[in-house]
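Structure file model.txt; described as compact mmCIF, C-alpha atoms.
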```txt
# COMPACT_ATOMS: atom_id res chain seq x y z
CA MET A 1395 -77.56 -105.70 102.88
CA LYS A 1396 -75.39 -102.57 102.85
CA ARG A 1397 -71.96 -102.66 104.41
CA ILE A 1398 -71.99 -100.84 107.75
CA LEU A 1399 -69.45 -98.44 106.23
CA ASN A 1400 -72.01 -97.33 103.63
CA CYS A 1401 -74.98 -97.00 105.97
CA LEU A 1402 -76.68 -93.75 106.78
CA ALA A 1403 -78.48 -92.99 110.03
CA SER A 1404 -81.78 -93.78 108.30
CA ASP A 1405 -80.50 -97.26 107.39
CA PHE A 1406 -79.82 -98.08 111.05
CA THR A 1407 -83.35 -97.14 112.08
CA LYS A 1408 -84.65 -99.95 109.85
CA MET A 1409 -82.21 -102.62 111.06
CA ASN A 1410 -82.79 -105.34 113.60
CA GLY A 1411 -79.98 -107.38 115.17
CA LYS A 1412 -79.78 -109.84 112.27
CA ASP A 1413 -79.53 -106.98 109.76
CA LEU A 1414 -76.82 -105.28 111.81
CA LYS A 1415 -74.79 -108.49 111.93
CA ALA A 1416 -75.12 -108.93 108.15
CA SER A 1417 -74.05 -105.31 107.61
CA ILE A 1418 -70.95 -105.85 109.75
CA GLU A 1419 -70.13 -109.11 107.96
CA ALA A 1420 -70.45 -107.33 104.62
CA ALA A 1421 -67.77 -104.85 105.75
CA GLU A 1422 -65.29 -107.77 105.97
CA GLY A 1423 -63.61 -106.71 109.20
CA ARG A 1424 -63.66 -102.97 108.65
CA THR A 1425 -65.96 -102.05 111.51
CA MET A 1426 -64.83 -100.02 114.49
CA ILE A 1427 -66.65 -100.14 117.81
CA ALA A 1428 -65.87 -97.66 120.57
CA GLU A 1429 -66.60 -98.50 124.18
CA ILE A 1430 -67.63 -95.50 126.25
CA VAL A 1431 -67.98 -95.33 130.02
CA CYS A 1432 -71.34 -93.59 129.95
CA THR A 1433 -71.13 -92.56 133.62
CA ALA A 1434 -67.96 -90.51 132.97
CA THR A 1435 -68.13 -86.73 132.70
CA PRO A 1436 -68.02 -85.65 129.04
CA LEU A 1437 -64.70 -84.33 127.76
CA TYR A 1438 -66.36 -81.02 126.97
CA PRO A 1439 -69.78 -79.67 127.99
CA GLY A 1440 -72.60 -79.95 125.49
CA LEU A 1441 -71.65 -83.29 123.93
CA THR A 1442 -71.59 -86.85 125.18
CA ASN A 1443 -68.38 -88.85 124.99
CA ALA A 1444 -70.24 -91.15 122.59
CA GLU A 1445 -70.67 -88.23 120.18
CA TYR A 1446 -66.92 -87.63 120.26
CA ALA A 1447 -66.23 -91.28 119.48
CA ALA A 1448 -68.68 -91.20 116.56
CA ALA A 1449 -67.12 -87.97 115.26
CA PHE A 1450 -63.73 -89.68 115.25
CA GLY A 1451 -65.03 -92.56 113.15
CA ALA A 1452 -66.60 -95.19 115.43
CA ASP A 1453 -69.17 -97.20 113.49
CA MET A 1454 -70.86 -98.48 116.67
CA ILE A 1455 -70.98 -97.28 120.26
CA LEU A 1456 -70.86 -99.67 123.24
CA LEU A 1457 -71.93 -98.18 126.58
CA ASN A 1458 -70.02 -99.55 129.54
CA MET A 1459 -71.42 -99.10 133.07
CA PHE A 1460 -74.98 -98.65 131.70
CA ASP A 1461 -77.56 -99.82 134.24
CA VAL A 1462 -80.87 -100.84 132.61
CA ASN A 1463 -82.69 -100.28 135.92
CA ALA A 1464 -81.24 -96.79 136.43
CA PRO A 1465 -80.39 -95.55 132.91
CA ARG A 1466 -77.94 -92.68 132.83
CA ILE A 1467 -75.67 -91.22 130.15
CA MET A 1468 -73.58 -88.24 131.18
CA GLY A 1469 -74.28 -85.34 128.86
CA LEU A 1470 -77.93 -86.37 128.37
CA GLU A 1471 -79.21 -85.43 131.81
CA ASP A 1472 -82.35 -83.70 130.49
CA VAL A 1473 -83.60 -86.78 128.60
CA PRO A 1474 -86.11 -89.12 130.29
CA ALA A 1475 -84.57 -92.49 131.20
CA GLU A 1476 -86.94 -94.37 128.87
CA ASN A 1477 -85.67 -92.34 125.90
CA LEU A 1478 -81.92 -92.19 126.61
CA ILE A 1479 -80.80 -94.90 124.18
CA ARG A 1480 -83.15 -93.73 121.43
CA LYS A 1481 -82.02 -90.11 121.85
CA LEU A 1482 -78.35 -91.12 121.75
CA LYS A 1483 -78.97 -93.16 118.59
CA GLU A 1484 -80.68 -90.13 117.06
CA LEU A 1485 -77.72 -87.88 117.93
CA LEU A 1486 -75.12 -90.35 116.69
CA GLY A 1487 -76.77 -91.92 113.67
CA ARG A 1488 -75.02 -95.12 114.74
CA PRO A 1489 -75.97 -98.40 116.43
CA VAL A 1490 -75.74 -98.25 120.24
CA GLY A 1491 -75.26 -101.22 122.54
CA ILE A 1492 -74.62 -101.94 126.19
CA ASN A 1493 -72.52 -104.29 128.29
CA LEU A 1494 -74.19 -106.81 130.57
CA GLU A 1495 -72.14 -109.07 132.84
CA PRO A 1496 -73.02 -112.79 133.15
CA VAL A 1497 -72.00 -113.12 136.80
CA ASP A 1498 -71.68 -116.68 138.07
CA VAL A 1499 -73.03 -116.55 141.63
CA HIS A 1500 -71.97 -120.16 142.24
CA ALA A 1501 -68.31 -119.80 141.21
CA LEU A 1502 -65.67 -119.72 143.91
CA PRO A 1503 -63.95 -116.33 143.62
CA ALA A 1504 -60.17 -116.20 143.57
CA GLU A 1505 -60.27 -112.54 144.61
CA THR A 1506 -62.60 -109.98 146.15
CA LEU A 1507 -65.36 -109.25 143.64
CA GLN A 1508 -67.13 -106.02 142.83
CA LYS A 1509 -70.81 -105.94 143.74
CA LEU A 1510 -72.63 -105.02 140.52
CA PRO A 1511 -76.12 -103.51 140.47
CA THR A 1512 -78.72 -105.91 139.07
CA GLY A 1513 -79.23 -103.62 136.06
CA ARG A 1514 -75.70 -104.37 134.87
CA ILE A 1515 -75.90 -108.15 135.31
CA SER A 1516 -77.06 -110.34 132.46
CA THR A 1517 -80.38 -111.78 133.62
CA ALA A 1518 -83.60 -112.45 131.77
CA ASP A 1519 -85.06 -109.27 133.28
CA SER A 1520 -82.12 -107.05 132.33
CA LEU A 1521 -82.07 -108.46 128.80
CA LYS A 1522 -85.80 -107.74 128.41
CA ARG A 1523 -85.27 -104.24 129.78
CA ALA A 1524 -82.36 -103.59 127.38
CA LYS A 1525 -84.57 -104.60 124.49
CA GLU A 1526 -87.35 -102.28 125.74
CA LEU A 1527 -84.88 -99.39 125.95
CA GLY A 1528 -84.03 -99.89 122.28
CA VAL A 1529 -80.44 -101.11 122.29
CA ASP A 1530 -79.15 -102.39 118.97
CA PHE A 1531 -76.73 -104.87 120.47
CA ILE A 1532 -75.74 -106.39 123.80
CA CYS A 1533 -72.19 -107.34 124.71
CA LEU A 1534 -72.04 -110.11 127.28
CA THR A 1535 -68.78 -109.15 128.89
CA GLY A 1536 -66.58 -110.22 131.73
CA ASN A 1537 -64.65 -107.37 133.29
CA PRO A 1538 -62.05 -108.22 135.93
CA GLN A 1539 -63.29 -108.87 139.48
CA THR A 1540 -66.96 -109.31 138.53
CA GLY A 1541 -67.31 -113.08 138.90
CA VAL A 1542 -68.05 -113.75 135.24
CA THR A 1543 -67.16 -117.22 134.00
CA ASN A 1544 -66.98 -118.70 130.52
CA ASN A 1545 -69.77 -121.15 131.42
CA GLU A 1546 -72.03 -118.31 132.52
CA ILE A 1547 -71.26 -116.39 129.31
CA MET A 1548 -72.32 -119.44 127.28
CA GLN A 1549 -75.59 -119.72 129.23
CA ALA A 1550 -76.18 -115.96 128.88
CA ILE A 1551 -75.75 -116.20 125.09
CA THR A 1552 -78.52 -118.79 124.92
CA THR A 1553 -80.82 -116.73 127.15
CA ALA A 1554 -80.08 -113.52 125.22
CA LYS A 1555 -80.79 -115.14 121.85
CA THR A 1556 -84.13 -116.40 123.14
CA ILE A 1557 -85.19 -113.07 124.66
CA CYS A 1558 -83.87 -110.79 121.95
CA ASP A 1559 -85.10 -113.07 119.15
CA GLY A 1560 -83.06 -111.29 116.48
CA ASP A 1561 -84.05 -107.76 117.55
CA CYS A 1562 -80.67 -107.12 119.20
CA MET A 1563 -77.33 -108.44 118.02
CA ILE A 1564 -75.57 -110.47 120.74
CA ILE A 1565 -71.79 -110.40 121.09
CA ALA A 1566 -69.60 -111.74 123.88
CA GLU A 1567 -66.09 -111.17 125.21
CA LYS A 1568 -64.16 -111.56 128.43
CA THR A 1569 -61.39 -109.34 129.71
CA THR A 1570 -58.54 -110.81 131.73
CA LEU A 1571 -55.60 -109.11 133.37
```
Write-out of the structure in structure tokens:
Amino acid sequence: MKRILNCLASDFTKMNGKDLKASIEAAEGRTMIAEIVCTATPLYPGLTNAEYAAAFGADMILLNMFDVNAPRIMGLEDVPAENLIRKLKELLGRPVGINLEPVDVHALPAETLQKLPTGRISTADSLKRAKELGVDFICLTGNPQTGVTNNEIMQAITTAKTICDGDCMIIAEKTTL
């Protein structure tokens, strides 16, 4: 497997999640991922913020705030929702992933929580939809005030591995303030 640093856009089109993971491992820690708030207005008209990040050296792009039930990437308004991820991958020549939040509906909140749309919550349906949309990887994340717990992240990893079955790479992280 080629190191991610040596891959061309055509290499990424042939990779599944297992291949992507092996490519990252082969780079021995020299992989840069840029997280983009895809609902934010682009820095300059005509390009997405993801394109800027790729131009400045990001090896992978992670879309934050992406809703699998209402797909939207600012700067790609003329692209049908079903093709947004594939079009972005074509423009970037890089792997593209999304955040999904494993919200624990049974946890007792210590603060007022944000109400997330179902298309941003890690559920079996949203994971299936992400796979259909063509994401290369899914980050099971826990942003502040979303009700994500470590236990729910662990359960979401198991569910994601089953649903994605190696087609999408699964990563996880949790932000705390």
For Ala1452 of chain A: contacts at 8 Å, all atoms listed in the file, fewer than 3 positions along chain excluded, given as a VMD selection string: chain A and resid 1425 to 1428 1447 to 1449 1455
Quick one: residues within 9 Å of segment 1456-1470 of chain A, all atoms listed in the file, excluding same-chain residues fewer than 4 positions away - as a PDB file with C-alpha atoms, in the frame of the given file?
```
ATOM      1  CA  ILE A1427     -66.650-100.140 117.810  1.00  0.00           C
ATOM      2  CA  ALA A1428     -65.870 -97.660 120.570  1.00  0.00           C
ATOM      3  CA  GLU A1429     -66.600 -98.500 124.180  1.00  0.00           C
ATOM      4  CA  ILE A1430     -67.630 -95.500 126.250  1.00  0.00           C
ATOM      5  CA  VAL A1431     -67.980 -95.330 130.020  1.00  0.00           C
ATOM      6  CA  CYS A1432     -71.340 -93.590 129.950  1.00  0.00           C
ATOM      7  CA  THR A1433     -71.130 -92.560 133.620  1.00  0.00           C
ATOM      8  CA  ALA A1434     -67.960 -90.510 132.970  1.00  0.00           C
ATOM      9  CA  THR A1435     -68.130 -86.730 132.700  1.00  0.00           C
ATOM     10  CA  PRO A1436     -68.020 -85.650 129.040  1.00  0.00           C
ATOM     11  CA  PRO A1439     -69.780 -79.670 127.990  1.00  0.00           C
ATOM     12  CA  GLY A1440     -72.600 -79.950 125.490  1.00  0.00           C
ATOM     13  CA  LEU A1441     -71.650 -83.290 123.930  1.00  0.00           C
ATOM     14  CA  THR A1442     -71.590 -86.850 125.180  1.00  0.00           C
ATOM     15  CA  ASN A1443     -68.380 -88.850 124.990  1.00  0.00           C
ATOM     16  CA  ALA A1444     -70.240 -91.150 122.590  1.00  0.00           C
ATOM     17  CA  PRO A1474     -86.110 -89.120 130.290  1.00  0.00           C
ATOM     18  CA  ALA A1475     -84.570 -92.490 131.200  1.00  0.00           C
ATOM     19  CA  GLU A1476     -86.940 -94.370 128.870  1.00  0.00           C
ATOM     20  CA  LEU A1478     -81.920 -92.190 126.610  1.00  0.00           C
ATOM     21  CA  ILE A1479     -80.800 -94.900 124.180  1.00  0.00           C
ATOM     22  CA  LYS A1481     -82.020 -90.110 121.850  1.00  0.00           C
ATOM     23  CA  LEU A1482     -78.350 -91.120 121.750  1.00  0.00           C
ATOM     24  CA  PRO A1489     -75.970 -98.400 116.430  1.00  0.00           C
ATOM     25  CA  VAL A1490     -75.740 -98.250 120.240  1.00  0.00           C
ATOM     26  CA  GLY A1491     -75.260-101.220 122.540  1.00  0.00           C
ATOM     27  CA  ILE A1492     -74.620-101.940 126.190  1.00  0.00           C
ATOM     28  CA  ASN A1493     -72.520-104.290 128.290  1.00  0.00           C
ATOM     29  CA  LEU A1494     -74.190-106.810 130.570  1.00  0.00           C
ATOM     30  CA  PRO A1511     -76.120-103.510 140.470  1.00  0.00           C
ATOM     31  CA  THR A1512     -78.720-105.910 139.070  1.00  0.00           C
ATOM     32  CA  GLY A1513     -79.230-103.620 136.060  1.00  0.00           C
ATOM     33  CA  ARG A1514     -75.700-104.370 134.870  1.00  0.00           C
ATOM     34  CA  ILE A1515     -75.900-108.150 135.310  1.00  0.00           C
ATOM     35  CA  SER A1520     -82.120-107.050 132.330  1.00  0.00           C
ATOM     36  CA  LEU A1521     -82.070-108.460 128.800  1.00  0.00           C
ATOM     37  CA  ARG A1523     -85.270-104.240 129.780  1.00  0.00           C
ATOM     38  CA  ALA A1524     -82.360-103.590 127.380  1.00  0.00           C
ATOM     39  CA  LEU A1527     -84.880 -99.390 125.950  1.00  0.00           C
ATOM     40  CA  PHE A1531     -76.730-104.870 120.470  1.00  0.00           C
ATOM     41  CA  ILE A1532     -75.740-106.390 123.800  1.00  0.00           C
ATOM     42  CA  CYS A1533     -72.190-107.340 124.710  1.00  0.00           C
TER      43      CYS A1533
END
```
Selected residue of minimal separation from Gln1508 of chain A among A:Val1529, A:Gly1536, A:Met1409, A:Glu1445, counting all atoms listed in the file: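 Result for the nearest residue to Gln1508 of chain A: A:Gly1536.
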Pairwise distance for atom CA of Gly1411 of chain A and atom CA of Thr1553 of chain A, rounded to one decimal in Å: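 Going from atom CA of Gly1411 of chain A over to atom CA of Thr1553 of chain A covers 15.2 Å.
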Which of A:Lys1509, A:Arg1488, A:Lys1555, A:Arg1424 sits closest to Asp1405 of chain A [using only C-alpha atoms]: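 Checking each candidate against Asp1405 of chain A, we get A:Arg1488 as the closest.
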Close residues, Asn1544 of chain A itself excluded, 10 Å, all atoms listed in the file, min 5 positions apart in chain, as a list in words: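 Contacts, with the query itself left out: Pro1496, Val1497, Asp1498, Thr1535, Gly1536, Gln1549, Ala1550, Ala1566, Glu1567 and Lys1568 of chain A.
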Would you compute, for all listed atoms of segment 1535-1544 of chain A, the axis-aligned bounding box grown by 4 Å on each side, and then report its centre and edge lengths in Å rounded to one decimal, as AutoDock Vina command-line options?
```
--center_x -65.4 --center_y -113.0 --center_z 134.2 --size_x 14.7 --size_y 19.3 --size_z 18.6
```
